[in-house]
file structure-v1.pdb (PDB, N, CA and C atoms)
ATOM      1  N   MET A1234     -25.134-217.488 -71.782
ATOM      2  CA  MET A1234     -24.986-216.601 -72.907
ATOM      3  C   MET A1234     -25.730-217.128 -74.138
ATOM      4  N   ASN A1235     -25.750-218.451 -74.330
ATOM      5  CA  ASN A1235     -26.464-219.017 -75.465
ATOM      6  C   ASN A1235     -27.963-218.784 -75.362
ATOM      7  N   GLN A1236     -28.504-218.857 -74.135
ATOM      8  CA  GLN A1236     -29.926-218.581 -73.957
ATOM      9  C   GLN A1236     -30.228-217.146 -74.330
ATOM     10  N   GLU A1237     -29.316-216.237 -73.989
ATOM     11  CA  GLU A1237     -29.519-214.835 -74.316
ATOM     12  C   GLU A1237     -29.549-214.646 -75.823
ATOM     13  N   ARG A1238     -28.635-215.295 -76.512
ATOM     14  CA  ARG A1238     -28.610-215.186 -77.970
ATOM     15  C   ARG A1238     -29.847-215.790 -78.591
ATOM     16  N   SER A1239     -30.237-216.967 -78.143
ATOM     17  CA  SER A1239     -31.396-217.624 -78.735
ATOM     18  C   SER A1239     -32.672-216.844 -78.475
ATOM     19  N   SER A1240     -32.741-216.139 -77.355
ATOM     20  CA  SER A1240     -33.941-215.353 -77.075
ATOM     21  C   SER A1240     -34.009-214.108 -77.946
ATOM     22  N   GLN A1241     -32.904-213.740 -78.582
ATOM     23  CA  GLN A1241     -32.892-212.574 -79.460
ATOM     24  C   GLN A1241     -33.086-212.947 -80.917
ATOM     25  N   VAL A1242     -33.003-214.213 -81.258
ATOM     26  CA  VAL A1242     -33.116-214.628 -82.656
ATOM     27  C   VAL A1242     -34.531-214.425 -83.181
ATOM     28  N   LYS A1243     -35.537-214.872 -82.443
ATOM     29  CA  LYS A1243     -36.916-214.747 -82.910
ATOM     30  C   LYS A1243     -37.325-213.289 -83.127
ATOM     31  N   PRO A1244     -37.037-212.380 -82.179
ATOM     32  CA  PRO A1244     -37.395-210.988 -82.432
ATOM     33  C   PRO A1244     -36.656-210.393 -83.631
ATOM     34  N   LEU A1245     -35.408-210.788 -83.842
ATOM     35  CA  LEU A1245     -34.679-210.294 -85.010
ATOM     36  C   LEU A1245     -35.322-210.795 -86.301
ATOM     37  N   ILE A1246     -35.750-212.044 -86.296
ATOM     38  CA  ILE A1246     -36.438-212.585 -87.471
ATOM     39  C   ILE A1246     -37.742-211.831 -87.697
ATOM     40  N   MET A1247     -38.456-211.493 -86.608
ATOM     41  CA  MET A1247     -39.700-210.733 -86.730
ATOM     42  C   MET A1247     -39.439-209.371 -87.360
ATOM     43  N   VAL A1248     -38.393-208.703 -86.912
ATOM     44  CA  VAL A1248     -38.063-207.381 -87.453
ATOM     45  C   VAL A1248     -37.711-207.495 -88.935
ATOM     46  N   LEU A1249     -36.879-208.466 -89.275
ATOM     47  CA  LEU A1249     -36.483-208.644 -90.676
ATOM     48  C   LEU A1249     -37.675-209.013 -91.556
ATOM     49  N   ALA A1250     -38.548-209.890 -91.059
ATOM     50  CA  ALA A1250     -39.738-210.261 -91.823
ATOM     51  C   ALA A1250     -40.657-209.053 -92.005
ATOM     52  N   GLY A1251     -40.778-208.245 -90.960
ATOM     53  CA  GLY A1251     -41.586-207.028 -91.066
ATOM     54  C   GLY A1251     -41.018-206.060 -92.087
ATOM     55  N   MET A1252     -39.691-205.910 -92.079
ATOM     56  CA  MET A1252     -39.058-205.038 -93.073
ATOM     57  C   MET A1252     -39.297-205.568 -94.487
ATOM     58  N   PHE A1253     -39.186-206.876 -94.655
ATOM     59  CA  PHE A1253     -39.429-207.498 -95.955
ATOM     60  C   PHE A1253     -40.860-207.230 -96.418
ATOM     61  N   LEU A1254     -41.826-207.434 -95.513
ATOM     62  CA  LEU A1254     -43.225-207.168 -95.870
ATOM     63  C   LEU A1254     -43.439-205.702 -96.244
ATOM     64  N   ASN A1255     -42.800-204.794 -95.509
ATOM     65  CA  ASN A1255     -42.942-203.377 -95.838
ATOM     66  C   ASN A1255     -42.380-203.064 -97.220
ATOM     67  N   ILE A1256     -41.213-203.595 -97.517
ATOM     68  CA  ILE A1256     -40.607-203.330 -98.825
ATOM     69  C   ILE A1256     -41.482-203.891 -99.941
ATOM     70  N   ILE A1257     -41.916-205.144 -99.789
ATOM     71  CA  ILE A1257     -42.783-205.762-100.805
ATOM     72  C   ILE A1257     -44.099-204.984-100.920
ATOM     73  N   GLY A1258     -44.667-204.627 -99.760
ATOM     74  CA  GLY A1258     -45.926-203.894 -99.772
ATOM     75  C   GLY A1258     -45.813-202.549-100.476
ATOM     76  N   PHE A1259     -44.772-201.794-100.168
ATOM     77  CA  PHE A1259     -44.598-200.469-100.773
ATOM     78  C   PHE A1259     -44.235-200.545-102.252
ATOM     79  N   LEU A1260     -43.320-201.424-102.600
ATOM     80  CA  LEU A1260     -42.789-201.432-103.960
ATOM     81  C   LEU A1260     -43.606-202.259-104.946
ATOM     82  N   ALA A1261     -44.179-203.353-104.505
ATOM     83  CA  ALA A1261     -44.840-204.246-105.452
ATOM     84  C   ALA A1261     -46.359-204.252-105.329
ATOM     85  N   VAL A1262     -46.861-204.422-104.124
ATOM     86  CA  VAL A1262     -48.302-204.643-103.972
ATOM     87  C   VAL A1262     -49.092-203.338-103.971
ATOM     88  N   LEU A1263     -48.621-202.339-103.252
ATOM     89  CA  LEU A1263     -49.361-201.079-103.124
ATOM     90  C   LEU A1263     -49.647-200.425-104.479
ATOM     91  N   PRO A1264     -48.655-200.290-105.359
ATOM     92  CA  PRO A1264     -48.958-199.658-106.647
ATOM     93  C   PRO A1264     -49.952-200.447-107.501
ATOM     94  N   GLU A1265     -49.924-201.769-107.400
ATOM     95  CA  GLU A1265     -50.787-202.609-108.242
ATOM     96  C   GLU A1265     -52.165-202.876-107.631
ATOM     97  N   HIS A1266     -52.206-203.076-106.311
ATOM     98  CA  HIS A1266     -53.448-203.558-105.701
ATOM     99  C   HIS A1266     -54.006-202.650-104.612
ATOM    100  N   GLY A1267     -53.415-201.537-104.373
ATOM    101  CA  GLY A1267     -53.941-200.557-103.437
ATOM    102  C   GLY A1267     -54.121-201.054-102.019
ATOM    103  N   PHE A1268     -55.372-201.378-101.651
ATOM    104  CA  PHE A1268     -55.701-201.720-100.269
ATOM    105  C   PHE A1268     -54.914-202.927 -99.762
ATOM    106  N   LEU A1269     -54.693-203.923-100.598
ATOM    107  CA  LEU A1269     -53.912-205.095-100.192
ATOM    108  C   LEU A1269     -52.497-204.677 -99.800
ATOM    109  N   GLY A1270     -51.940-203.717-100.527
ATOM    110  CA  GLY A1270     -50.621-203.195-100.183
ATOM    111  C   GLY A1270     -50.627-202.520 -98.826
ATOM    112  N   VAL A1271     -51.699-201.785 -98.524
ATOM    113  CA  VAL A1271     -51.821-201.131 -97.225
ATOM    114  C   VAL A1271     -51.872-202.181 -96.117
ATOM    115  N   VAL A1272     -52.605-203.251 -96.341
ATOM    116  CA  VAL A1272     -52.712-204.323 -95.346
ATOM    117  C   VAL A1272     -51.347-204.972 -95.129
ATOM    118  N   ILE A1273     -50.631-205.236 -96.200
ATOM    119  CA  ILE A1273     -49.317-205.872 -96.085
ATOM    120  C   ILE A1273     -48.333-204.956 -95.363
ATOM    121  N   VAL A1274     -48.357-203.670 -95.689
ATOM    122  CA  VAL A1274     -47.477-202.711 -95.012
ATOM    123  C   VAL A1274     -47.839-202.619 -93.528
ATOM    124  N   ALA A1275     -49.122-202.603 -93.211
ATOM    125  CA  ALA A1275     -49.547-202.545 -91.811
ATOM    126  C   ALA A1275     -49.102-203.802 -91.058
ATOM    127  N   ALA A1276     -49.240-204.961 -91.693
ATOM    128  CA  ALA A1276     -48.807-206.202 -91.058
ATOM    129  C   ALA A1276     -47.292-206.189 -90.840
ATOM    130  N   GLY A1277     -46.568-205.698 -91.816
ATOM    131  CA  GLY A1277     -45.110-205.588 -91.673
ATOM    132  C   GLY A1277     -44.728-204.643 -90.548
ATOM    133  N   GLY A1278     -45.434-203.530 -90.447
ATOM    134  CA  GLY A1278     -45.163-202.580 -89.365
ATOM    135  C   GLY A1278     -45.455-203.181 -87.999
ATOM    136  N   ALA A1279     -46.558-203.911 -87.909
ATOM    137  CA  ALA A1279     -46.903-204.559 -86.628
ATOM    138  C   ALA A1279     -45.865-205.609 -86.256
ATOM    139  N   LEU A1280     -45.430-206.394 -87.223
ATOM    140  CA  LEU A1280     -44.431-207.417 -86.974
ATOM    141  C   LEU A1280     -43.111-206.794 -86.534
ATOM    142  N   MET A1281     -42.710-205.728 -87.207
ATOM    143  CA  MET A1281     -41.481-205.038 -86.814
ATOM    144  C   MET A1281     -41.628-204.472 -85.405
ATOM    145  N   GLY A1282     -42.756-203.865 -85.108
ATOM    146  CA  GLY A1282     -42.978-203.279 -83.789
ATOM    147  C   GLY A1282     -42.919-204.321 -82.688
ATOM    148  N   MET A1283     -43.545-205.479 -82.913
ATOM    149  CA  MET A1283     -43.506-206.542 -81.906
ATOM    150  C   MET A1283     -42.075-207.040 -81.700
ATOM    151  N   GLY A1284     -41.330-207.162 -82.795
ATOM    152  CA  GLY A1284     -39.946-207.612 -82.686
ATOM    153  C   GLY A1284     -39.086-206.632 -81.916
ATOM    154  N   VAL A1285     -39.252-205.349 -82.196
ATOM    155  CA  VAL A1285     -38.469-204.325 -81.502
ATOM    156  C   VAL A1285     -38.812-204.288 -80.022
ATOM    157  N   VAL A1286     -40.104-204.340 -79.699
ATOM    158  CA  VAL A1286     -40.518-204.329 -78.295
ATOM    159  C   VAL A1286     -39.948-205.541 -77.562
ATOM    160  N   THR A1287     -39.995-206.705 -78.194
ATOM    161  CA  THR A1287     -39.449-207.914 -77.576
ATOM    162  C   THR A1287     -37.947-207.780 -77.370
ATOM    163  N   LEU A1288     -37.239-207.256 -78.366
ATOM    164  CA  LEU A1288     -35.795-207.053 -78.227
ATOM    165  C   LEU A1288     -35.477-206.096 -77.087
ATOM    166  N   LEU A1289     -36.211-205.002 -77.004
ATOM    167  CA  LEU A1289     -35.977-204.032 -75.936
ATOM    168  C   LEU A1289     -36.268-204.636 -74.574
ATOM    169  N   HIS A1290     -37.326-205.423 -74.490
ATOM    170  CA  HIS A1290     -37.665-206.071 -73.218
ATOM    171  C   HIS A1290     -36.555-207.036 -72.799
ATOM    172  N   GLU A1291     -36.056-207.829 -73.734
ATOM    173  CA  GLU A1291     -34.992-208.783 -73.426
ATOM    174  C   GLU A1291     -33.703-208.054 -73.056
ATOM    175  N   THR A1292     -33.426-206.942 -73.692
ATOM    176  CA  THR A1292     -32.197-206.193 -73.441
ATOM    177  C   THR A1292     -32.210-205.557 -72.065
ATOM    178  N   HIS A1293     -33.392-205.160 -71.587
ATOM    179  CA  HIS A1293     -33.476-204.444 -70.318
ATOM    180  C   HIS A1293     -33.803-205.347 -69.136
ATOM    181  N   ARG A1294     -33.690-206.665 -69.335
ATOM    182  CA  ARG A1294     -33.878-207.569 -68.191
ATOM    183  C   ARG A1294     -32.778-207.319 -67.189
ATOM    184  N   SER A1295     -33.076-207.575 -65.946
ATOM    185  CA  SER A1295     -32.085-207.392 -64.891
ATOM    186  C   SER A1295     -30.999-208.457 -65.013
ATOM    187  N   PRO A1296     -29.769-208.051 -65.334
ATOM    188  CA  PRO A1296     -28.709-209.046 -65.460
ATOM    189  C   PRO A1296     -28.372-209.691 -64.118
ATOM    190  N   VAL A1297     -28.567-208.958 -63.023
ATOM    191  CA  VAL A1297     -28.258-209.493 -61.704
ATOM    192  C   VAL A1297     -29.193-210.655 -61.378
ATOM    193  N   LYS A1298     -30.488-210.467 -61.651
ATOM    194  CA  LYS A1298     -31.455-211.509 -61.345
ATOM    195  C   LYS A1298     -31.121-212.782 -62.115
ATOM    196  N   GLY A1299     -30.882-212.658 -63.392
ATOM    197  CA  GLY A1299     -30.550-213.814 -64.212
ATOM    198  C   GLY A1299     -29.253-214.465 -63.776
ATOM    199  N   ALA A1300     -28.277-213.646 -63.438
ATOM    200  CA  ALA A1300     -26.980-214.175 -63.037
ATOM    201  C   ALA A1300     -27.110-214.963 -61.732
ATOM    202  N   VAL A1301     -27.856-214.437 -60.788
ATOM    203  CA  VAL A1301     -28.045-215.125 -59.506
ATOM    204  C   VAL A1301     -28.784-216.442 -59.723
ATOM    205  N   GLU A1302     -29.841-216.406 -60.508
ATOM    206  CA  GLU A1302     -30.602-217.630 -60.775
ATOM    207  C   GLU A1302     -29.731-218.666 -61.467
ATOM    208  N   ASP A1303     -28.949-218.238 -62.449
ATOM    209  CA  ASP A1303     -28.064-219.173 -63.157
ATOM    210  C   ASP A1303     -27.036-219.780 -62.216
ATOM    211  N   ARG A1304     -26.467-218.955 -61.349
ATOM    212  CA  ARG A1304     -25.465-219.456 -60.414
ATOM    213  C   ARG A1304     -26.079-220.454 -59.430
ATOM    214  N   LEU A1305     -27.298-220.166 -58.963
ATOM    215  CA  LEU A1305     -27.966-221.090 -58.043
ATOM    216  C   LEU A1305     -28.295-222.413 -58.730
ATOM    217  N   ARG A1306     -28.736-222.342 -59.981
ATOM    218  CA  ARG A1306     -29.024-223.574 -60.726
ATOM    219  C   ARG A1306     -27.755-224.399 -60.940
ATOM    220  N   THR A1307     -26.676-223.716 -61.292
ATOM    221  CA  THR A1307     -25.403-224.414 -61.487
ATOM    222  C   THR A1307     -24.942-225.064 -60.194
ATOM    223  N   LEU A1308     -25.067-224.317 -59.104
ATOM    224  CA  LEU A1308     -24.681-224.846 -57.800
ATOM    225  C   LEU A1308     -25.516-226.078 -57.444
ATOM    226  N   LYS A1309     -26.818-226.011 -57.679
ATOM    227  CA  LYS A1309     -27.712-227.130 -57.387
ATOM    228  C   LYS A1309     -27.346-228.347 -58.240
ATOM    229  N   ARG A1310     -27.030-228.101 -59.490
ATOM    230  CA  ARG A1310     -26.636-229.199 -60.380
ATOM    231  C   ARG A1310     -25.357-229.868 -59.870
ATOM    232  N   LEU A1311     -24.399-229.057 -59.435
ATOM    233  CA  LEU A1311     -23.156-229.607 -58.892
ATOM    234  C   LEU A1311     -23.430-230.465 -57.654
ATOM    235  N   TYR A1312     -24.322-229.984 -56.813
ATOM    236  CA  TYR A1312     -24.680-230.733 -55.608
ATOM    237  C   TYR A1312     -25.405-232.035 -55.971
ATOM    238  N   ASP A1313     -26.380-231.930 -56.896
ATOM    239  CA  ASP A1313     -27.142-233.119 -57.303
ATOM    240  C   ASP A1313     -26.249-234.185 -57.929
ATOM    241  N   GLU A1314     -25.224-233.743 -58.623
ATOM    242  CA  GLU A1314     -24.298-234.691 -59.263
ATOM    243  C   GLU A1314     -23.195-235.130 -58.299
ATOM    244  N   GLU A1315     -23.333-234.717 -57.031
ATOM    245  CA  GLU A1315     -22.402-235.080 -55.960
ATOM    246  C   GLU A1315     -20.963-234.648 -56.254
ATOM    247  N   LEU A1316     -20.838-233.494 -56.891
ATOM    248  CA  LEU A1316     -19.513-232.936 -57.154
ATOM    249  C   LEU A1316     -19.056-232.011 -56.033
ATOM    250  N   ILE A1317     -20.015-231.582 -55.206
ATOM    251  CA  ILE A1317     -19.690-230.794 -54.017
ATOM    252  C   ILE A1317     -20.462-231.386 -52.836
ATOM    253  N   THR A1318     -19.967-231.109 -51.648
ATOM    254  CA  THR A1318     -20.625-231.639 -50.449
ATOM    255  C   THR A1318     -21.829-230.782 -50.081
ATOM    256  N   GLU A1319     -22.634-231.307 -49.166
ATOM    257  CA  GLU A1319     -23.790-230.550 -48.691
ATOM    258  C   GLU A1319     -23.346-229.265 -48.004
ATOM    259  N   GLU A1320     -22.258-229.337 -47.263
ATOM    260  CA  GLU A1320     -21.737-228.156 -46.575
ATOM    261  C   GLU A1320     -21.260-227.102 -47.576
ATOM    262  N   GLU A1321     -20.547-227.532 -48.605
ATOM    263  CA  GLU A1321     -20.086-226.592 -49.637
ATOM    264  C   GLU A1321     -21.276-225.960 -50.353
ATOM    265  N   TYR A1322     -22.279-226.797 -50.639
ATOM    266  CA  TYR A1322     -23.491-226.299 -51.278
ATOM    267  C   TYR A1322     -24.166-225.226 -50.423
ATOM    268  N   ALA A1323     -24.353-225.521 -49.155
ATOM    269  CA  ALA A1323     -25.037-224.588 -48.250
ATOM    270  C   ALA A1323     -24.250-223.290 -48.102
ATOM    271  N   ASP A1324     -22.936-223.396 -47.951
ATOM    272  CA  ASP A1324     -22.103-222.199 -47.791
ATOM    273  C   ASP A1324     -22.139-221.319 -49.043
ATOM    274  N   LYS A1325     -21.964-221.941 -50.187
ATOM    275  CA  LYS A1325     -21.932-221.164 -51.434
ATOM    276  C   LYS A1325     -23.301-220.582 -51.741
ATOM    277  N   ARG A1326     -24.367-221.326 -51.458
ATOM    278  CA  ARG A1326     -25.720-220.826 -51.674
ATOM    279  C   ARG A1326     -25.970-219.582 -50.820
ATOM    280  N   LYS A1327     -25.519-219.664 -49.577
ATOM    281  CA  LYS A1327     -25.661-218.527 -48.673
ATOM    282  C   LYS A1327     -24.903-217.309 -49.221
ATOM    283  N   ASP A1328     -23.688-217.541 -49.722
ATOM    284  CA  ASP A1328     -22.880-216.452 -50.305
ATOM    285  C   ASP A1328     -23.568-215.815 -51.512
ATOM    286  N   ILE A1329     -24.095-216.647 -52.390
ATOM    287  CA  ILE A1329     -24.765-216.129 -53.593
ATOM    288  C   ILE A1329     -25.993-215.316 -53.207
ATOM    289  N   LEU A1330     -26.791-215.826 -52.304
ATOM    290  CA  LEU A1330     -27.993-215.100 -51.885
ATOM    291  C   LEU A1330     -27.643-213.807 -51.148
ATOM    292  N   ALA A1331     -26.550-213.798 -50.419
ATOM    293  CA  ALA A1331     -26.118-212.579 -49.721
ATOM    294  C   ALA A1331     -25.714-211.503 -50.726
ATOM    295  N   GLU A1332     -25.109-211.892 -51.834
ATOM    296  CA  GLU A1332     -24.722-210.936 -52.893
ATOM    297  C   GLU A1332     -25.948-210.272 -53.503
ATOM    298  N   LYS A1333     -27.012-211.033 -53.664
ATOM    299  CA  LYS A1333     -28.228-210.516 -54.303
ATOM    300  C   LYS A1333     -28.846-209.410 -53.481
ATOM    301  N   TRP A1334     -28.892-209.593 -52.171
ATOM    302  CA  TRP A1334     -29.571-208.637 -51.317
ATOM    303  C   TRP A1334     -28.583-207.646 -50.818
TER
END

call {"tool": "encode", "arguments": {"input": "structure-v1.pdb", "output": "structure tokens"}}
result
Amino acid sequence: MNQERSSQVKPLIMVLAGMFLNIIGFLAVLPEHGFLGVVIVAAGGALMGMGVVTLLHETHRSPVKGAVEDRLRTLKRLYDEELITEEEYADKRKDILAEKW
């Protein structure tokens, strides 16, 4: 769950930074400097767009795929740390992979 949250922080910052650039561009720079304001607003729009696309991509990832991979990694870690036997590892791995398909 922490990885999911951390993967959403950067796109949220991008969206917020883009909104900030748009506000500054429209309210402060555009009236005073014309073309520079247009450039700043365009950059803000691009930044917001990239952030939104990244957020949507992260939101629509297959939760099953991630869940299976996470469970297999956890299982492998338990086996590597000798907290479960080889037989338990093999049985549980088989069960997890059977759920996926």

call {"tool": "resolve_selection", "arguments": {"input": "structure-v1.pdb", "expression": "the PyMOL selection byres ((chain A and resi 1267-1276) around 7)", "output": "list in words"}}
result
Gly1251, Leu1254, Asn1255, Ile1256, Ile1257, Gly1258, Phe1259, Ala1261, Val1262, Leu1263, Pro1264, Glu1265, His1266, Gly1277, Gly1278, Ala1279, Leu1280 and Met1281 of chain A

call {"tool": "select_by_dssp", "arguments": {"input": "structure-v1.pdb", "residues": "chain A", "states": "alpha helix (DSSP H)", "output": "ChimeraX atom specification"}}
result
/A:1235-1257,1263-1266,1268-1292,1296-1313,1319-1333

call {"tool": "closest_residue", "arguments": {"input": "structure-v1.pdb", "among": "A:Val1286, A:Lys1243, A:Arg1304, A:Met1252", "to": "Ile1329 of chain A", "atoms": "all atoms listed in the file"}}
result
A:Arg1304

call {"tool": "closest_residue", "arguments": {"input": "structure-v1.pdb", "among": "A:Leu1260, A:Val1301, A:Leu1308, A:Val1242", "to": "Ala1331 of chain A", "atoms": "only C-alpha atoms"}}
result
A:Val1301

call {"tool": "atom_distance", "arguments": {"input": "structure-v1.pdb", "atom1": "atom CA of Glu1314 of chain A", "atom2": "atom C of Arg1326 of chain A"}}
result
17.4 Å

call {"tool": "resolve_selection", "arguments": {"input": "structure-v1.pdb", "expression": "the PyMOL selection byres (((chain A and resi 1305 and name CA) around 12) and name CA)", "output": "PyMOL selection string"}}
result
chain A and resi 1298-1304+1306-1312+1322-1330+1332-1333

call {"tool": "write_last_selection", "arguments": {"input": "structure-v1.pdb", "atoms": "N, CA and C atoms", "output": "JSON list (two decimals), in the frame of the given file"}}
result
[["chain", "number", "residue", "atom", "x", "y", "z"],
["A", 1298, "LYS", "N", -30.49, -210.47, -61.65],
["A", 1298, "LYS", "CA", -31.46, -211.51, -61.34],
["A", 1298, "LYS", "C", -31.12, -212.78, -62.12],
["A", 1299, "GLY", "N", -30.88, -212.66, -63.39],
["A", 1299, "GLY", "CA", -30.55, -213.81, -64.21],
["A", 1299, "GLY", "C", -29.25, -214.46, -63.78],
["A", 1300, "ALA", "N", -28.28, -213.65, -63.44],
["A", 1300, "ALA", "CA", -26.98, -214.18, -63.04],
["A", 1300, "ALA", "C", -27.11, -214.96, -61.73],
["A", 1301, "VAL", "N", -27.86, -214.44, -60.79],
["A", 1301, "VAL", "CA", -28.04, -215.12, -59.51],
["A", 1301, "VAL", "C", -28.78, -216.44, -59.72],
["A", 1302, "GLU", "N", -29.84, -216.41, -60.51],
["A", 1302, "GLU", "CA", -30.60, -217.63, -60.78],
["A", 1302, "GLU", "C", -29.73, -218.67, -61.47],
["A", 1303, "ASP", "N", -28.95, -218.24, -62.45],
["A", 1303, "ASP", "CA", -28.06, -219.17, -63.16],
["A", 1303, "ASP", "C", -27.04, -219.78, -62.22],
["A", 1304, "ARG", "N", -26.47, -218.96, -61.35],
["A", 1304, "ARG", "CA", -25.46, -219.46, -60.41],
["A", 1304, "ARG", "C", -26.08, -220.45, -59.43],
["A", 1306, "ARG", "N", -28.74, -222.34, -59.98],
["A", 1306, "ARG", "CA", -29.02, -223.57, -60.73],
["A", 1306, "ARG", "C", -27.76, -224.40, -60.94],
["A", 1307, "THR", "N", -26.68, -223.72, -61.29],
["A", 1307, "THR", "CA", -25.40, -224.41, -61.49],
["A", 1307, "THR", "C", -24.94, -225.06, -60.19],
["A", 1308, "LEU", "N", -25.07, -224.32, -59.10],
["A", 1308, "LEU", "CA", -24.68, -224.85, -57.80],
["A", 1308, "LEU", "C", -25.52, -226.08, -57.44],
["A", 1309, "LYS", "N", -26.82, -226.01, -57.68],
["A", 1309, "LYS", "CA", -27.71, -227.13, -57.39],
["A", 1309, "LYS", "C", -27.35, -228.35, -58.24],
["A", 1310, "ARG", "N", -27.03, -228.10, -59.49],
["A", 1310, "ARG", "CA", -26.64, -229.20, -60.38],
["A", 1310, "ARG", "C", -25.36, -229.87, -59.87],
["A", 1311, "LEU", "N", -24.40, -229.06, -59.44],
["A", 1311, "LEU", "CA", -23.16, -229.61, -58.89],
["A", 1311, "LEU", "C", -23.43, -230.46, -57.65],
["A", 1312, "TYR", "N", -24.32, -229.98, -56.81],
["A", 1312, "TYR", "CA", -24.68, -230.73, -55.61],
["A", 1312, "TYR", "C", -25.40, -232.04, -55.97],
["A", 1322, "TYR", "N", -22.28, -226.80, -50.64],
["A", 1322, "TYR", "CA", -23.49, -226.30, -51.28],
["A", 1322, "TYR", "C", -24.17, -225.23, -50.42],
["A", 1323, "ALA", "N", -24.35, -225.52, -49.16],
["A", 1323, "ALA", "CA", -25.04, -224.59, -48.25],
["A", 1323, "ALA", "C", -24.25, -223.29, -48.10],
["A", 1324, "ASP", "N", -22.94, -223.40, -47.95],
["A", 1324, "ASP", "CA", -22.10, -222.20, -47.79],
["A", 1324, "ASP", "C", -22.14, -221.32, -49.04],
["A", 1325, "LYS", "N", -21.96, -221.94, -50.19],
["A", 1325, "LYS", "CA", -21.93, -221.16, -51.43],
["A", 1325, "LYS", "C", -23.30, -220.58, -51.74],
["A", 1326, "ARG", "N", -24.37, -221.33, -51.46],
["A", 1326, "ARG", "CA", -25.72, -220.83, -51.67],
["A", 1326, "ARG", "C", -25.97, -219.58, -50.82],
["A", 1327, "LYS", "N", -25.52, -219.66, -49.58],
["A", 1327, "LYS", "CA", -25.66, -218.53, -48.67],
["A", 1327, "LYS", "C", -24.90, -217.31, -49.22],
["A", 1328, "ASP", "N", -23.69, -217.54, -49.72],
["A", 1328, "ASP", "CA", -22.88, -216.45, -50.30],
["A", 1328, "ASP", "C", -23.57, -215.82, -51.51],
["A", 1329, "ILE", "N", -24.10, -216.65, -52.39],
["A", 1329, "ILE", "CA", -24.76, -216.13, -53.59],
["A", 1329, "ILE", "C", -25.99, -215.32, -53.21],
["A", 1330, "LEU", "N", -26.79, -215.83, -52.30],
["A", 1330, "LEU", "CA", -27.99, -215.10, -51.88],
["A", 1330, "LEU", "C", -27.64, -213.81, -51.15],
["A", 1332, "GLU", "N", -25.11, -211.89, -51.83],
["A", 1332, "GLU", "CA", -24.72, -210.94, -52.89],
["A", 1332, "GLU", "C", -25.95, -210.27, -53.50],
["A", 1333, "LYS", "N", -27.01, -211.03, -53.66],
["A", 1333, "LYS", "CA", -28.23, -210.52, -54.30],
["A", 1333, "LYS", "C", -28.85, -209.41, -53.48]]

call {"tool": "atom_distance", "arguments": {"input": "structure-v1.pdb", "atom1": "atom N of His1290 of chain A", "atom2": "atom N of Phe1253 of chain A"}}
result
20.3 Å

call {"tool": "atom_distance", "arguments": {"input": "structure-v1.pdb", "atom1": "atom CA of Met1283 of chain A", "atom2": "atom CA of Leu1245 of chain A"}}
result
10.1 Å

call {"tool": "axis_aligned_box", "arguments": {"input": "structure-v1.pdb", "around": "segment 1305-1318 of chain A", "padding_each_side": "6 Å", "output": "lines of an AutoDock Vina configuration file"}}
result
center_x = -24.0
center_y = -227.6
center_z = -55.8
size_x = 22.0
size_y = 27.0
size_z = 23.4
